[in-house]
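Have a look at the structure below before the remarks.
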There are 2 protein chains.
Amino acid sequence: MAVRKVDDKNQLGFAFDGEEVSQEHTEETKVAPKPKAKKKPKKKGGATAESMATKQRDISISEFFAKNRHLLGFDNPRKALLTTVKEAVDNALDACEEAHILPDITVIIKQLTDSKYKITIKDNGPGIVKKQVPNIFARLLYGSKFHSLKMSRGQQGIGISAAGMYGLITTGEPVEVISRTSPNKPAYHCHVQIDTSKNTPDIIMDAECDFDLPTGTQVVITLEGKYLKGKQSVDEYLTQTAMANPHATIIYYSPDGMCHEYKRQNSELPFIPVEIKPHPYGVELGMLFKMARDSKAKKIPQFLHDDFSRVSTNLAKQITKNANLSLQLKPSKATLQEIELLHKSINETKIMAPSTNCIGPIGEDRLEEGLRRVVDAEFYATCTRRPSVYRGNPFLIEAALAYGFKDPKAKKKDDDDKQPLMQLKRIANRVPLLYQQSGGAIHKAVIETNWRNYGISQSRGSLPSGPMILMVHIASVWVPFTSESKEAIAHYPEIIKEIKLAVQECGRKLGQHVRRQKRIKQELSKRSYIQTYLPHIGEALRDILSLDENEVTEVVDKLRDVLERSRKF
Amino acid sequence: MAVRKVDDKNQLGFAFDGEEVSQEHTEETKVAPKPKAKKKPKKKGGATAESMATKQRDISISEFFAKNRHLLGFDNPRKALLTTVKEAVDNALDACEEAHILPDITVIIKQLTDSKYKITIKDNGPGIVKKQVPNIFARLLYGSKFHSLKMSRGQQGIGISAAGMYGLITTGEPVEVISRTSPNKPAYHCHVQIDTSKNTPDIIMDAECDFDLPTGTQVVITLEGKYLKGKQSVDEYLTQTAMANPHATIIYYSPDGMCHEYKRQNSELPFIPVEIKPHPYGVELGMLFKMARDSKAKKIPQFLHDDFSRVSTNLAKQITKNANLSLQLKPSKATLQEIELLHKSINETKIMAPSTNCIGPIGEDRLEEGLRRVVDAEFYATCTRRPSVYRGNPFLIEAALAYGFKDPKAKKKDDDDKQPLMQLKRIANRVPLLYQQSGGAIHKAVIETNWRNYGISQSRGSLPSGPMILMVHIASVWVPFTSESKEAIAHYPEIIKEIKLAVQECGRKLGQHVRRQKRIKQELSKRSYIQTYLPHIGEALRDILSLDENEVTEVVDKLRDVLERSRKF
């Protein structure tokens, strides 16, 4: 068996590294026929390897997502409107925070025709340099956040370009961007649209213009949409965003001509996330092999120290020695077998858990503030867990609960059986999640919690019922979503466990409150019995003992006093 | 406002069509400062537009899916094993059918270490030409099926390369492929692996070799996996695949050393799917605009006729006239406004529904055969619906039901309340779906069907209970999955409606059977009463009427006769 490294050139003209092998196909047909080969009769009309080869070609990522747009949250016009606002607002908040600017964000949705909407989102962020604008708004899988392990809202480099692509597909209109990066420079204004067959931006118009902020970005997308209020609406999303981002001011002009203003509640910047390197425990053999080959380090220990977190120079040497590898071995020259030894040694060595200063909670006080903005309840409980780790990625869970309020929409019945289910609000890296509630880890953890322990009624396998809002926040350097549309958290056992612990802590506090409330209610009903029956007892005593009115009053008062003191309260 | 078309070059050196604009960055910094601009104080340490721009770059689709591998069905080692077998078998079946070859497929799973498995899948398909092998097995988004509207198992050009990539990441091993395209040629043998940072294949080894079939392909992937039997196992998947593909022979060597053979049940090739063009009703404005600009047709009517199905030359002219457009207008020169008129005219014109000869059912008889292979039931019902259309794509629903069998795993209780839930088998283009049952359209349609109408017990919002298997098959030129891992069908209302109609038809037949069974059961219990009490009546009559034994027997026989005849049976 001859072993040689070959190079290839596919039919689309994509050249691989190295020299070309020409006339591949001609060579093949020249091979001498083997006389002993069995002939296989083929049915007429069937394709052959050659006829099939002519159809095989590249699929651009934008064609792929244009056809599978429901994967990105563009299933239907209503959701498309929400997804577009969400992606633009997420980017605006990320940009402001990265530049340490308190976000001022304006959202304007204008209805143009029955099904056509124009969405404008403006922020006071640092702006985007001219040459990056087309890529950021009209190219899928382009961005700064994917390659770093850092807590941020965006992480895929898909969202805003996908929104622009959806607008282009449904209305033919390009994305309009104005961005200014310095008060000393004019703003840059352009119209860009994605070329879906190549996944590259086309610049339709390009100019300088005025902008009323010293720095910032404004993006306008025209798309086929549908505006409805209620659950899973833009209004709901922005309300929840304001709740999870008390440091941001959001001004929202809805299509019905209303202006909603969410003023910032405090002018402290939130925790500024730090970028970290991957933890060695999370890395798989093949990935480690690739990292070693790509490494510019001269020696294995240096490679381990440079490319991973929590590996000191000494620890790196120890790992290498335990793997029986030379300390002088060059990572890029190591064989798969050598890397396998290294991989085994890493997993047998005790390494500190990943640093957790890279993720920041919203904080218990602010969570409660957030809930108070939304609902006036009789009881609040919050819990911020300590950071934990899944697949080498640090994450942190927070929960906040509000209990006991009048639901304006609820029917006027005091029937306990017909209580509404708990309202569950899910938030990931400060972004509210509105879709696929029952598909993710948060829902699973909440329904698997035994709420009856806390005096709350709950049917098997469903959310508990009662006048309750539960908010769960996951913060992580890499939130594992179940789809590109970032609607639900994947079922990692470590994450589910932490959610349960946070929810249980809120639940225990709630249980104390609920039990106390029950006791008070019982006391009140006992007291009302006393109030109801004492006068009758008084009358009976008067008849039996022939007392006068004053004596009756005195005896009844004494009796009441004794009875009330005998109760524990 | 100056309007000019600019060209751009991003930091990764990706050149756009056209000449370069050099020193973009330098130009920017030369702009004279505006004295009146307000200075915005920035907090120390925050990023600027410039510092952020240095981090913005392309994300390769393979890096994206390597990090988000759960989107492709590689969430955990057990599922990874199944997904890999599934992708390879799906491709093998597709290739055989496209070449009109009756499929003979061999699957071998060998356990190498605790967590390392070697998977081999061999088919007798047409083979793959040498220069396409690396792209097909080590490049994501590459294939022949994405760009055509045709019923096939694969459609994305991701599956098998993703399996190879997962193997590479977890074990460092490349994909091993042997393929032979003609009995007159030797087979081609190579080891390929994906370069995830570029999404291109690297060829590690390349040679000729022997192969024991005249044409065919064999692929070997080594990966970190976990083999377990039961629900969602490879065994289950292959059993269901055999059920949905009675024309295929599948031989399966499982890791426990067993050989399972599913021989073909009939040697007729299934329906050979035909490729169709998109239907004009499904196209959106922006998409139509793009198609027009890309069209080589000289006139609008010709463009409509060439690029869409069901548009005759006359109809194309009528659509163009109704849009008030010139019949001479060149599609590639049309403005967005003109195309908007055309789009409106298309949707106001009556156009025949898409042709449906492009999709083929499994067929009622074969569905029943398939079920009989799996379970020995007392009753079977099947229904194949006529084709229908969603978003311009033809599709077709089939359902098959088996009722009344002993579940070997069920507990030995005749307690009706504890009956197991119905077993639901979901199949899309002849591929069994094993994950995310409750997340898709099929599950939704089945739980929304009122099974109590058919005498079957069912709790609200859940599957009915009873000894039942229901199989639902959707065949379409483009199956809308809810994720890249192709686990569940998206909730298109047209699809849900058709599933309900098919399920209801099976349900009605089942209802008749169940009612008849109930009657029989009642009759049997009545008969047993007669059997039990008649002798006593005989004895009573003997005593009352002083009959002898013969007379008693006679009277009792007559009575039995009369009683039995009086019952409807």
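Going by the structure tokens order, chains are called A, B, ..., each with residues numbered from 1, while ligands are numbered from 1 in the order shown.
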
Write down as a compact mmCIF listing (two decimals) with N, CA and C atoms, in the first residue's frame the residues of region 339-542 of chain A whose backbone DSSP state falls under helix (DSSP H, G or I).
```txt
# COMPACT_ATOMS: atom_id res chain seq x y z
N ILE A 339 0.98 12.76 22.53
CA ILE A 339 -0.05 13.66 23.07
C ILE A 339 -1.07 12.86 23.89
N GLU A 340 -1.29 11.60 23.50
CA GLU A 340 -2.21 10.76 24.26
C GLU A 340 -1.68 10.57 25.69
N LEU A 341 -0.35 10.36 25.80
CA LEU A 341 0.27 10.23 27.12
C LEU A 341 0.10 11.53 27.92
N LEU A 342 0.30 12.66 27.23
CA LEU A 342 0.18 13.96 27.88
C LEU A 342 -1.25 14.16 28.37
N HIS A 343 -2.21 13.79 27.52
CA HIS A 343 -3.63 13.94 27.84
C HIS A 343 -3.98 13.14 29.10
N LYS A 344 -3.46 11.92 29.13
CA LYS A 344 -3.72 11.05 30.27
C LYS A 344 -3.10 11.67 31.54
N SER A 345 -1.88 12.17 31.40
CA SER A 345 -1.19 12.76 32.53
C SER A 345 -1.95 13.99 33.06
N ILE A 346 -2.47 14.82 32.15
CA ILE A 346 -3.24 16.00 32.56
C ILE A 346 -4.40 15.57 33.45
N ASN A 347 -5.12 14.53 32.97
CA ASN A 347 -6.32 14.14 33.71
C ASN A 347 -6.02 13.38 35.00
N GLU A 348 -4.75 12.96 35.15
CA GLU A 348 -4.37 12.30 36.40
C GLU A 348 -3.73 13.27 37.38
N GLU A 364 -27.72 39.93 44.50
CA GLU A 364 -29.01 39.68 45.15
C GLU A 364 -29.86 40.94 45.28
N ASP A 365 -29.21 42.05 45.68
CA ASP A 365 -29.99 43.29 45.88
C ASP A 365 -30.61 43.76 44.57
N ARG A 366 -29.80 43.71 43.51
CA ARG A 366 -30.29 44.21 42.23
C ARG A 366 -31.35 43.30 41.64
N LEU A 367 -31.21 42.01 41.92
CA LEU A 367 -32.24 41.07 41.45
C LEU A 367 -33.58 41.42 42.09
N GLU A 368 -33.53 41.69 43.41
CA GLU A 368 -34.78 42.02 44.10
C GLU A 368 -35.35 43.34 43.57
N GLU A 369 -34.45 44.35 43.42
CA GLU A 369 -34.86 45.62 42.80
C GLU A 369 -35.56 45.37 41.48
N GLY A 370 -34.95 44.51 40.67
CA GLY A 370 -35.50 44.21 39.34
C GLY A 370 -36.91 43.65 39.47
N LEU A 371 -37.07 42.68 40.37
CA LEU A 371 -38.40 42.09 40.54
C LEU A 371 -39.41 43.12 41.05
N ARG A 372 -38.97 43.99 41.96
CA ARG A 372 -39.88 44.99 42.52
C ARG A 372 -40.40 45.93 41.45
N ARG A 373 -39.55 46.15 40.40
CA ARG A 373 -39.99 47.00 39.29
C ARG A 373 -41.17 46.37 38.57
N VAL A 374 -41.20 45.04 38.55
CA VAL A 374 -42.17 44.34 37.75
C VAL A 374 -43.43 44.03 38.53
N ASP A 416 -58.53 27.54 45.03
CA ASP A 416 -57.10 27.22 45.10
C ASP A 416 -56.65 26.33 43.96
N ASP A 417 -57.54 25.47 43.48
CA ASP A 417 -57.15 24.54 42.44
C ASP A 417 -56.88 25.24 41.11
N LYS A 418 -57.49 26.41 40.94
CA LYS A 418 -57.38 27.07 39.64
C LYS A 418 -56.33 28.16 39.64
N GLN A 437 -39.38 27.57 26.59
CA GLN A 437 -39.22 27.49 28.04
C GLN A 437 -39.06 26.04 28.51
N SER A 438 -39.92 25.15 27.98
CA SER A 438 -39.91 23.79 28.52
C SER A 438 -38.78 22.95 27.95
N GLY A 439 -37.98 23.50 27.04
CA GLY A 439 -36.94 22.70 26.41
C GLY A 439 -35.59 22.77 27.09
N ALA A 441 -32.63 23.56 30.51
CA ALA A 441 -32.19 23.11 31.82
C ALA A 441 -32.91 23.84 32.96
N ILE A 442 -33.24 25.12 32.76
CA ILE A 442 -33.84 25.89 33.85
C ILE A 442 -35.23 25.32 34.18
N HIS A 443 -36.03 25.11 33.15
CA HIS A 443 -37.37 24.54 33.34
C HIS A 443 -37.27 23.18 34.01
N LYS A 444 -36.34 22.37 33.53
CA LYS A 444 -36.18 21.02 34.07
C LYS A 444 -35.85 21.07 35.57
N ALA A 445 -34.91 21.95 35.93
CA ALA A 445 -34.52 22.05 37.34
C ALA A 445 -35.69 22.52 38.19
N VAL A 446 -36.49 23.44 37.66
CA VAL A 446 -37.60 23.99 38.46
C VAL A 446 -38.70 22.96 38.65
N ILE A 447 -39.02 22.18 37.59
CA ILE A 447 -40.11 21.21 37.77
C ILE A 447 -39.63 20.01 38.59
N GLU A 448 -38.32 19.77 38.62
CA GLU A 448 -37.82 18.66 39.43
C GLU A 448 -37.64 19.03 40.90
N TRP A 451 -41.80 21.44 45.21
CA TRP A 451 -42.33 22.68 45.76
C TRP A 451 -43.31 22.44 46.89
N ARG A 452 -43.82 21.20 46.99
CA ARG A 452 -44.76 20.92 48.08
C ARG A 452 -44.05 21.01 49.43
N ASN A 453 -42.72 20.76 49.42
CA ASN A 453 -41.93 20.96 50.64
C ASN A 453 -42.05 22.38 51.17
N TYR A 454 -42.31 23.33 50.27
CA TYR A 454 -42.36 24.74 50.68
C TYR A 454 -43.81 25.21 50.80
N PRO A 493 -25.55 18.35 33.42
CA PRO A 493 -25.92 18.00 34.79
C PRO A 493 -25.40 19.00 35.82
N GLU A 494 -24.17 19.53 35.61
CA GLU A 494 -23.59 20.47 36.58
C GLU A 494 -24.46 21.73 36.66
N ILE A 495 -24.97 22.15 35.51
CA ILE A 495 -25.77 23.38 35.48
C ILE A 495 -27.12 23.14 36.16
N ILE A 496 -27.74 22.00 35.84
CA ILE A 496 -29.04 21.69 36.45
C ILE A 496 -28.90 21.63 37.97
N LYS A 497 -27.82 21.02 38.44
CA LYS A 497 -27.61 20.90 39.88
C LYS A 497 -27.53 22.28 40.54
N GLU A 498 -26.76 23.17 39.96
CA GLU A 498 -26.60 24.50 40.53
C GLU A 498 -27.93 25.27 40.51
N ILE A 499 -28.69 25.12 39.43
CA ILE A 499 -29.99 25.82 39.36
C ILE A 499 -30.87 25.33 40.50
N LYS A 500 -30.87 23.99 40.69
CA LYS A 500 -31.71 23.43 41.74
C LYS A 500 -31.32 23.99 43.10
N LEU A 501 -30.02 24.07 43.37
CA LEU A 501 -29.57 24.56 44.67
C LEU A 501 -30.02 26.01 44.89
N ALA A 502 -29.90 26.83 43.84
CA ALA A 502 -30.32 28.23 43.97
C ALA A 502 -31.82 28.32 44.19
N VAL A 503 -32.57 27.53 43.41
CA VAL A 503 -34.03 27.58 43.51
C VAL A 503 -34.48 27.07 44.87
N GLN A 504 -33.81 26.01 45.34
CA GLN A 504 -34.17 25.45 46.65
C GLN A 504 -33.95 26.45 47.77
N GLU A 505 -32.86 27.24 47.65
CA GLU A 505 -32.64 28.22 48.72
C GLU A 505 -33.77 29.24 48.76
N CYS A 506 -34.16 29.74 47.57
CA CYS A 506 -35.31 30.64 47.53
C CYS A 506 -36.55 29.93 48.07
N GLY A 507 -36.69 28.67 47.70
CA GLY A 507 -37.86 27.88 48.10
C GLY A 507 -37.95 27.75 49.62
N ARG A 508 -36.80 27.48 50.26
CA ARG A 508 -36.82 27.33 51.72
C ARG A 508 -37.28 28.61 52.40
N LYS A 509 -36.76 29.75 51.92
CA LYS A 509 -37.18 31.03 52.51
C LYS A 509 -38.68 31.22 52.27
N LEU A 510 -39.12 30.85 51.08
CA LEU A 510 -40.54 30.98 50.76
C LEU A 510 -41.37 30.09 51.67
N GLY A 511 -40.86 28.88 51.92
CA GLY A 511 -41.58 27.93 52.77
C GLY A 511 -41.83 28.52 54.15
N GLN A 512 -40.79 29.14 54.76
CA GLN A 512 -40.95 29.77 56.07
C GLN A 512 -42.05 30.81 56.02
N HIS A 513 -42.01 31.62 54.96
CA HIS A 513 -43.00 32.68 54.82
C HIS A 513 -44.41 32.09 54.68
N VAL A 514 -44.53 31.06 53.83
CA VAL A 514 -45.84 30.48 53.57
C VAL A 514 -46.41 29.86 54.85
N ARG A 515 -45.53 29.15 55.61
CA ARG A 515 -46.00 28.53 56.85
C ARG A 515 -46.45 29.60 57.86
N ARG A 516 -45.65 30.67 57.93
CA ARG A 516 -46.00 31.75 58.84
C ARG A 516 -47.34 32.36 58.43
N GLN A 517 -47.51 32.53 57.13
CA GLN A 517 -48.77 33.08 56.63
C GLN A 517 -49.94 32.19 57.00
N LYS A 518 -49.71 30.87 56.92
CA LYS A 518 -50.79 29.93 57.24
C LYS A 518 -51.16 30.04 58.70
N ARG A 519 -50.10 30.15 59.57
CA ARG A 519 -50.35 30.27 61.00
C ARG A 519 -51.16 31.52 61.29
N ILE A 520 -50.75 32.62 60.66
CA ILE A 520 -51.45 33.88 60.89
C ILE A 520 -52.91 33.73 60.46
N LYS A 521 -53.13 33.08 59.35
CA LYS A 521 -54.48 32.91 58.83
C LYS A 521 -55.32 32.09 59.83
N GLN A 522 -54.69 31.01 60.36
CA GLN A 522 -55.41 30.18 61.33
C GLN A 522 -55.76 30.99 62.56
N GLU A 523 -54.77 31.78 63.04
CA GLU A 523 -55.00 32.60 64.22
C GLU A 523 -56.15 33.55 63.98
N LEU A 524 -56.13 34.16 62.80
CA LEU A 524 -57.16 35.13 62.50
C LEU A 524 -58.53 34.47 62.50
N SER A 525 -58.56 33.22 62.00
CA SER A 525 -59.88 32.60 61.95
C SER A 525 -60.30 32.19 63.37
N LYS A 526 -59.30 31.75 64.21
CA LYS A 526 -59.62 31.44 65.61
C LYS A 526 -60.17 32.69 66.30
N ARG A 527 -59.46 33.81 66.06
CA ARG A 527 -59.88 35.05 66.70
C ARG A 527 -61.31 35.40 66.28
N SER A 528 -61.60 35.15 65.01
CA SER A 528 -62.95 35.51 64.57
C SER A 528 -63.99 34.60 65.24
N TYR A 529 -63.60 33.34 65.54
CA TYR A 529 -64.54 32.48 66.28
C TYR A 529 -64.83 33.09 67.65
N ILE A 530 -63.74 33.48 68.33
CA ILE A 530 -63.90 34.06 69.66
C ILE A 530 -64.82 35.26 69.59
N GLN A 531 -64.51 36.13 68.59
CA GLN A 531 -65.32 37.34 68.45
C GLN A 531 -66.78 36.99 68.23
N THR A 532 -67.03 35.91 67.47
CA THR A 532 -68.40 35.56 67.11
C THR A 532 -69.16 34.95 68.29
N TYR A 533 -68.45 34.03 69.01
CA TYR A 533 -69.21 33.25 70.00
C TYR A 533 -69.22 33.85 71.40
N LEU A 534 -68.21 34.69 71.74
CA LEU A 534 -68.14 35.21 73.11
C LEU A 534 -69.42 35.91 73.55
N PRO A 535 -70.00 36.79 72.72
CA PRO A 535 -71.24 37.45 73.18
C PRO A 535 -72.33 36.44 73.53
N HIS A 536 -72.42 35.35 72.77
CA HIS A 536 -73.45 34.35 73.07
C HIS A 536 -73.17 33.67 74.41
N ILE A 537 -71.89 33.39 74.66
CA ILE A 537 -71.52 32.79 75.95
C ILE A 537 -71.91 33.75 77.08
N GLY A 538 -71.64 35.04 76.82
CA GLY A 538 -72.01 36.06 77.81
C GLY A 538 -73.49 36.00 78.13
N GLU A 539 -74.29 35.91 77.04
CA GLU A 539 -75.73 35.87 77.26
C GLU A 539 -76.16 34.64 78.05
N ALA A 540 -75.51 33.51 77.70
CA ALA A 540 -75.84 32.26 78.39
C ALA A 540 -75.51 32.38 79.89
N LEU A 541 -74.31 32.96 80.18
CA LEU A 541 -73.90 33.11 81.58
C LEU A 541 -74.88 34.01 82.34
N ARG A 542 -75.33 35.07 81.64
CA ARG A 542 -76.26 35.99 82.30
C ARG A 542 -77.52 35.23 82.72
```

What are the nearest atom pairs, with distances in Å to one decimal, for all residues of region 146-234 of chain A that come at most 10 Å from region 283-291 of chain B, using only C-alpha atoms, set out by chain and rising residue number as CSV?
```
residue,atom,partner,partner_atom,distance
A:Met165,CA,B:Gly286,CA,9.4
A:Tyr166,CA,B:Gly286,CA,8.8
A:Gly167,CA,B:Gly286,CA,7.9
A:Leu168,CA,B:Gly286,CA,5.4
A:Ile169,CA,B:Gly286,CA,3.8
A:Thr170,CA,B:Gly286,CA,4.8
A:Thr171,CA,B:Gly286,CA,5.0
A:Gly172,CA,B:Gly286,CA,3.9
A:Glu173,CA,B:Gly286,CA,7.6
A:Pro174,CA,B:Gly286,CA,9.9
A:Asp195,CA,B:Lys290,CA,9.2
A:Thr196,CA,B:Lys290,CA,9.3
A:Leu223,CA,B:Gly286,CA,9.9
A:Glu224,CA,B:Glu284,CA,9.7
```

Within 8 Å of Glu98 (chain A), counting only C-alpha atoms, which residues qualify if same-chain residues fewer than 6 places away don't, as a PyMOL selection string?
(chain A and resi 272) or (chain B and resi 46-47)

Please save N, CA and C atoms of the selected residues as a tab-separated table (two decimals), in the first residue's frame.
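Below is the file that was written, selection25.tsv:
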```tsv
chain	number	residue	atom	x	y	z
A	272	ILE	N	-17.17	43.99	35.20
A	272	ILE	CA	-16.55	43.96	33.88
A	272	ILE	C	-15.90	42.58	33.69
B	46	GLY	N	-11.48	50.85	29.42
B	46	GLY	CA	-12.51	50.40	28.48
B	46	GLY	C	-11.93	50.25	27.09
B	47	ALA	N	-12.56	49.37	26.29
B	47	ALA	CA	-12.10	49.16	24.93
B	47	ALA	C	-12.56	50.31	24.06
```

Who sits within 10 Å of Asp235 (chain B), only C-alpha atoms, same chain under 4 positions skipped, as an MDAnalysis selection string
chainID B and resid 82 227:231 239:241 252:254 260

Any chance you can output those residues with C-alpha atoms as a PDB file, in the first residue's frame?
```
ATOM      1  CA  LEU B  82     -25.664   6.744  17.279  1.00  0.00           C
ATOM      2  CA  TYR B 227     -22.546   1.611  23.684  1.00  0.00           C
ATOM      3  CA  LEU B 228     -25.788   0.923  25.506  1.00  0.00           C
ATOM      4  CA  LYS B 229     -28.782  -1.067  24.340  1.00  0.00           C
ATOM      5  CA  GLY B 230     -32.395   0.012  24.713  1.00  0.00           C
ATOM      6  CA  LYS B 231     -34.228   3.144  23.699  1.00  0.00           C
ATOM      7  CA  THR B 239     -34.311  -2.002  13.694  1.00  0.00           C
ATOM      8  CA  GLN B 240     -36.464   0.984  12.826  1.00  0.00           C
ATOM      9  CA  THR B 241     -34.401   1.705   9.714  1.00  0.00           C
ATOM     10  CA  TYR B 252     -25.013  -5.316  11.947  1.00  0.00           C
ATOM     11  CA  TYR B 253     -22.157  -6.556  14.127  1.00  0.00           C
ATOM     12  CA  SER B 254     -22.685  -5.019  17.552  1.00  0.00           C
ATOM     13  CA  HIS B 260     -27.959  -8.991  13.558  1.00  0.00           C
TER      14      HIS B 260
END
```

Hey, which of B:Ile489, B:Ile456, B:Val311, B:Leu327 ends up closest to chain A? Count only C-alpha atoms.
B:Ile489

Report as a count of residues only: the residues of region 218-305 of chain B with a DSSP assignment of strand (DSSP E), based on the backbone of this structure.
16

Calculate how many Å separate CA of Gln318 (chain A) from CA of Ile300 (chain A), rounding to one decimal.
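The value is 10.9 Å.
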
Which of these residues is nearest to chain A, using only C-alpha atoms: B:Ala138, B:Leu545, B:Ile203, B:Ile178?
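Looking only at the distances to chain A, the closest residue turns out to be B:Ile203.
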
Looking at B:Asn450, B:Thr120, B:Ser115, B:Ser182, which one is nearest to chain A, with distances taken over only C-alpha atoms?
B:Ser182

Looking at only C-alpha atoms, which of B:Lys79, B:His491, B:Arg565, B:Arg386 is the one that sits closest to chain A?
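So, comparing all the options, the nearest one is B:His491.
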
Can you pull out every residue within 12 Å of Ala353 (chain B), counting only C-alpha atoms, but drop anything in the same chain fewer than 3 positions away, and send it as a list of chain:residue names?
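Here the answer would be B:Pro278, B:His279, B:Pro280, B:Tyr281, B:Gly282, B:Phe308, B:Ser309, B:Arg310, B:Val311, B:Lys350, B:Thr356, B:Asn357, B:Pro387, B:Ser388, B:Val389, B:Tyr390, B:Arg391, B:Gly392, B:Asn393, B:Pro394, B:Phe395.
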
From the options B:Pro301, B:Gly73, B:Pro214, B:Pro331, which residue's atoms come nearest to Ala187 (chain B), counting only C-alpha atoms?
B:Pro214

Any idea what the distance is between CA of Leu71 (chain A) and CA of Glu484 (chain B)?
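Between these atoms lies a distance of 8.1 Å.
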
What does the structure give for the distance between CA of Asn429 (chain B) and CA of Asn245 (chain B), in Å to one decimal?
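CA of Asn245 (chain B) lies at a distance of 10.1 Å from CA of Asn429 (chain B).
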
Residue among A:Leu140, A:Ile109, A:Ile59, A:Ile119 lying closest to Gln156 (chain B), counting only C-alpha atoms
A:Ile59

Report as a ChimeraX atom specification all protein, DNA and RNA residues lying within 7 Å of Ile359 (chain A), evaluated on only C-alpha atoms, omitting residues in the same chain fewer than 3 positions from it.
/A:151,273,356,395,475-477

Next, the residues of the selection above should be written as a short mmCIF file (atom, residue, chain, number, x, y, z; two decimals), in the first residue's frame with C-alpha atoms.
```
data_model
loop_
_atom_site.label_atom_id
_atom_site.label_comp_id
_atom_site.auth_asym_id
_atom_site.auth_seq_id
_atom_site.Cartn_x
_atom_site.Cartn_y
_atom_site.Cartn_z
CA MET A 151 -18.95 36.48 29.58
CA PRO A 273 -15.90 40.42 32.61
CA THR A 356 -14.07 32.48 38.53
CA PHE A 395 -20.62 29.55 35.27
CA ALA A 475 -23.82 33.79 33.73
CA SER A 476 -20.99 31.99 31.92
CA VAL A 477 -18.01 32.52 29.66
#
```
